[in-house]
file data.pdb (PDB, C-alpha atoms)
MODEL        1
ATOM      1  CA  MET A 186      -4.922  -3.760 -11.933
ATOM      2  CA  SER A 187      -5.605  -1.453  -9.091
ATOM      3  CA  GLY A 188      -4.645  -3.050  -5.812
ATOM      4  CA  LEU A 189      -6.283  -2.274  -2.530
ATOM      5  CA  LEU A 190      -5.210  -2.856   1.033
ATOM      6  CA  ILE A 191      -7.720  -1.819   3.657
ATOM      7  CA  VAL A 192      -6.600  -1.504   7.243
ATOM      8  CA  LYS A 193      -9.515  -2.822   9.312
ATOM      9  CA  ARG A 194      -8.398  -1.510  12.651
ATOM     10  CA  LYS A 195      -9.528   1.402  14.736
ATOM     11  CA  PHE A 196      -6.689   3.462  16.162
ATOM     12  CA  SER A 197      -7.694   4.587  19.644
ATOM     13  CA  ASP A 198      -4.661   6.759  20.189
ATOM     14  CA  LYS A 199      -4.955   9.955  18.151
ATOM     15  CA  ARG A 200      -1.162  10.383  18.192
ATOM     16  CA  VAL A 201      -0.686   6.964  16.586
ATOM     17  CA  LYS A 202      -3.249   7.737  13.886
ATOM     18  CA  ARG A 203      -1.685  11.157  13.234
ATOM     19  CA  SER A 204       1.766   9.556  12.978
ATOM     20  CA  ILE A 205       0.524   6.939  10.496
ATOM     21  CA  PHE A 206      -1.033   9.551   8.223
ATOM     22  CA  ASP A 207       2.074  11.719   8.510
ATOM     23  CA  ILE A 208       4.235   8.820   7.291
ATOM     24  CA  LEU A 209       1.812   8.046   4.452
ATOM     25  CA  LYS A 210       1.724  11.714   3.413
ATOM     26  CA  ARG A 211       5.524  12.132   3.386
ATOM     27  CA  ASN A 212       6.220   9.050   1.262
ATOM     28  CA  VAL A 213       5.048   7.824  -2.128
ATOM     29  CA  LEU A 214       6.791   4.437  -2.369
ATOM     30  CA  CYS A 215       6.072   1.245  -0.491
ATOM     31  CA  SER A 216       7.547  -2.236  -0.428
ATOM     32  CA  MET A 217       4.949  -4.958  -0.905
ATOM     33  CA  ALA A 218       5.560  -8.568   0.062
ATOM     34  CA  THR A 219       3.403 -11.347  -1.400
ATOM     35  CA  VAL A 220       3.544 -15.132  -1.299
ATOM     36  CA  ASP A 221       3.556 -17.465  -4.308
ATOM     37  CA  LYS A 222       1.735 -20.810  -4.589
ATOM     38  CA  ASN A 223       4.786 -22.617  -3.158
ATOM     39  CA  GLY A 224       4.992 -20.347  -0.111
ATOM     40  CA  ARG A 225       7.992 -18.366  -1.384
ATOM     41  CA  ALA A 226       8.110 -14.671  -0.638
ATOM     42  CA  HIS A 227       8.244 -12.010  -3.349
ATOM     43  CA  ILE A 228       8.838  -8.304  -2.784
ATOM     44  CA  ASN A 229       8.009  -5.390  -5.037
ATOM     45  CA  THR A 230       8.261  -1.620  -4.792
ATOM     46  CA  ALA A 231       5.286   0.467  -5.913
ATOM     47  CA  TYR A 232       3.903   3.978  -5.759
ATOM     48  CA  PHE A 233       0.839   4.175  -3.522
ATOM     49  CA  ALA A 234      -1.979   6.505  -2.631
ATOM     50  CA  TYR A 235      -4.209   6.388   0.420
ATOM     51  CA  SER A 236      -7.623   7.444   1.636
ATOM     52  CA  ASN A 237      -8.630   8.605   5.089
ATOM     53  CA  CYS A 238      -9.919   5.131   6.141
ATOM     54  CA  PRO A 239      -6.965   4.307   5.658
ATOM     55  CA  GLU A 240      -7.076   2.368   2.421
ATOM     56  CA  LEU A 241      -3.882   1.999   0.391
ATOM     57  CA  PHE A 242      -4.079   1.843  -3.400
ATOM     58  CA  PHE A 243      -1.453   0.925  -5.970
ATOM     59  CA  CYS A 244      -1.585   0.303  -9.711
ATOM     60  CA  SER A 245       0.187  -2.568 -11.339
ATOM     61  CA  TYR A 246       0.150  -4.820 -14.399
ATOM     62  CA  PRO A 247      -2.012  -7.941 -13.975
ATOM     63  CA  ASP A 248       0.846 -10.083 -15.349
ATOM     64  CA  SER A 249       3.314  -8.909 -12.688
ATOM     65  CA  ILE A 250       4.510 -11.539 -10.222
ATOM     66  CA  HIS A 251       2.953  -9.797  -7.216
ATOM     67  CA  CYS A 252      -0.447  -9.517  -8.919
ATOM     68  CA  LYS A 253      -0.349 -13.176  -9.934
ATOM     69  CA  ASN A 254       0.558 -14.065  -6.343
ATOM     70  CA  LEU A 255      -2.303 -11.939  -4.986
ATOM     71  CA  SER A 256      -4.817 -13.580  -7.327
ATOM     72  CA  LYS A 257      -4.039 -16.927  -5.649
ATOM     73  CA  ASN A 258      -3.209 -15.738  -2.115
ATOM     74  CA  SER A 259      -4.394 -12.332  -0.887
ATOM     75  CA  SER A 260      -1.902 -12.212   2.007
ATOM     76  CA  MET A 261       0.279  -9.110   1.823
ATOM     77  CA  ALA A 262       2.646  -7.040   3.924
ATOM     78  CA  ILE A 263       3.583  -3.435   3.151
ATOM     79  CA  THR A 264       6.257  -1.158   4.574
ATOM     80  CA  VAL A 265       6.357   2.606   4.129
ATOM     81  CA  PHE A 266       9.379   4.584   5.294
ATOM     82  CA  GLU A 267      11.805   7.291   4.239
ATOM     83  CA  SER A 268      14.987   5.795   2.821
ATOM     84  CA  ALA A 269      17.064   8.836   3.811
ATOM     85  CA  GLN A 270      17.253   8.021   7.523
ATOM     86  CA  THR A 271      20.418   7.808   9.589
ATOM     87  CA  TRP A 272      21.399   4.603  11.349
ATOM     88  CA  GLY A 273      21.436   5.002  15.115
ATOM     89  CA  LYS A 274      19.005   7.914  15.119
ATOM     90  CA  PRO A 275      15.223   7.743  15.614
ATOM     91  CA  ASP A 276      13.575   6.257  12.537
ATOM     92  CA  ARG A 277       9.988   6.416  11.301
ATOM     93  CA  GLY A 278       8.048   3.947   9.240
ATOM     94  CA  ILE A 279       5.045   1.659   9.306
ATOM     95  CA  GLN A 280       4.440  -1.989   8.564
ATOM     96  CA  LEU A 281       0.970  -3.110   7.546
ATOM     97  CA  LEU A 282      -0.135  -6.736   7.370
ATOM     98  CA  GLY A 283      -3.361  -7.914   5.803
ATOM     99  CA  SER A 284      -4.968  -8.938   2.575
ATOM    100  CA  CYS A 285      -5.120  -7.252  -0.800
ATOM    101  CA  HIS A 286      -7.671  -7.554  -3.586
ATOM    102  CA  GLU A 287      -8.196  -5.966  -6.965
ATOM    103  CA  SER A 288     -10.592  -3.065  -6.588
ATOM    104  CA  LYS A 289     -13.705  -3.253  -8.779
ATOM    105  CA  GLY A 290     -16.852  -1.235  -9.427
ATOM    106  CA  ASN A 291     -17.317   1.827  -7.223
ATOM    107  CA  LEU A 292     -14.220   0.963  -5.223
ATOM    108  CA  ARG A 293     -12.162   0.979  -8.424
ATOM    109  CA  LYS A 294     -13.520   4.444  -9.261
ATOM    110  CA  LYS A 295     -12.552   5.594  -5.771
ATOM    111  CA  ALA A 296      -9.085   4.045  -6.160
ATOM    112  CA  GLU A 297      -8.565   5.819  -9.495
ATOM    113  CA  LYS A 298      -9.706   9.130  -8.015
ATOM    114  CA  VAL A 299      -7.473   8.828  -4.937
ATOM    115  CA  TYR A 300      -4.483   7.661  -6.985
ATOM    116  CA  GLY A 301      -5.060  10.353  -9.633
ATOM    117  CA  SER A 302      -5.242  13.110  -7.030
ATOM    118  CA  ARG A 303      -1.833  12.089  -5.670
ATOM    119  CA  PHE A 304      -0.182  11.422  -9.031
ATOM    120  CA  LYS A 305      -1.374  14.013 -11.539
ATOM    121  CA  GLY A 306       0.089  12.166 -14.560
ATOM    122  CA  PHE A 307      -1.941   9.042 -13.799
ATOM    123  CA  ALA A 308      -4.929  10.128 -15.916
ATOM    124  CA  LYS A 309      -2.774  10.180 -19.042
TER     125      LYS A 309
ENDMDL
END
call {"tool": "encode", "arguments": {"input": "data.pdb", "output": "structure tokens"}}
result
Amino acid sequence: MSGLLIVKRKFSDKRVKRSIFDILKRNVLCSMATVDKNGRAHINTAYFAYSNCPELFFCSYPDSIHCKNLSKNSSMAITVFESAQTWGKPDRGIQLLGSCHESKGNLRKKAEKVYGSRFKGFAK
């Protein structure tokens, strides 16, 4: 499964947009929160890639808990941040809320290309 989260928001402030892409560029792991059929939260860590839209892509096994949750409820939250930050000092990270769907067709090809360009071993 190739997951996709598309941020459907225009960022009017160029500094905000630049900061978001800087955080995405500097990090390769995200935490993804999904919801099961009973409304219980589940969290998972995954490697991600991104496009300039921004669209976030991750690859996962269809039988994983988060993928099963997403097949029934597309609601998802993602955080991206550096774990080596110091408490009490300025921190950087982003939180994205939205929906996630399996990418198919041309979007799947795009997801594979974007993911493969970030993680060279992906093609193997």
call {"tool": "atom_distance", "arguments": {"input": "data.pdb", "atom1": "CA of Asn254 in chain A", "atom2": "CA of Gly224 in chain A"}}
result
9.9 Å
call {"tool": "residues_around", "arguments": {"input": "data.pdb", "residues": "range 296-299 of chain A", "least_positions_apart": "6", "cutoff": "7 Å", "atoms": "all atoms listed in the file", "output": "PyMOL selection string"}}
result
chain A and resi 234-236+242
call {"tool": "resolve_selection", "arguments": {"input": "data.pdb", "expression": "the PyMOL selection byres ((chain A and resi 210-218) around 6)", "output": "PyMOL selection string"}}
result
chain A and resi 206-209+219+227-233+261-265
call {"tool": "axis_aligned_box", "arguments": {"input": "data.pdb", "around": "range 216-224 of chain A", "padding_each_side": "8 Å", "output": "AutoDock Vina command-line options"}}
result
--center_x 4.6 --center_y -12.4 --center_z -2.3 --size_x 21.8 --size_y 36.4 --size_z 20.7
call {"tool": "atom_distance", "arguments": {"input": "data.pdb", "atom1": "CA of Arg200 in chain A", "atom2": "CA of Leu282 in chain A"}}
result
20.3 Å
call {"tool": "atom_distance", "arguments": {"input": "data.pdb", "atom1": "CA of Glu287 in chain A", "atom2": "CA of Asn223 in chain A"}}
result
21.5 Å
call {"tool": "closest_residue", "arguments": {"input": "data.pdb", "among": "A:Lys257, A:Lys199, A:Lys309, A:Arg293", "to": "Asp221 in chain A", "atoms": "all atoms listed in the file"}}
result
A:Lys257
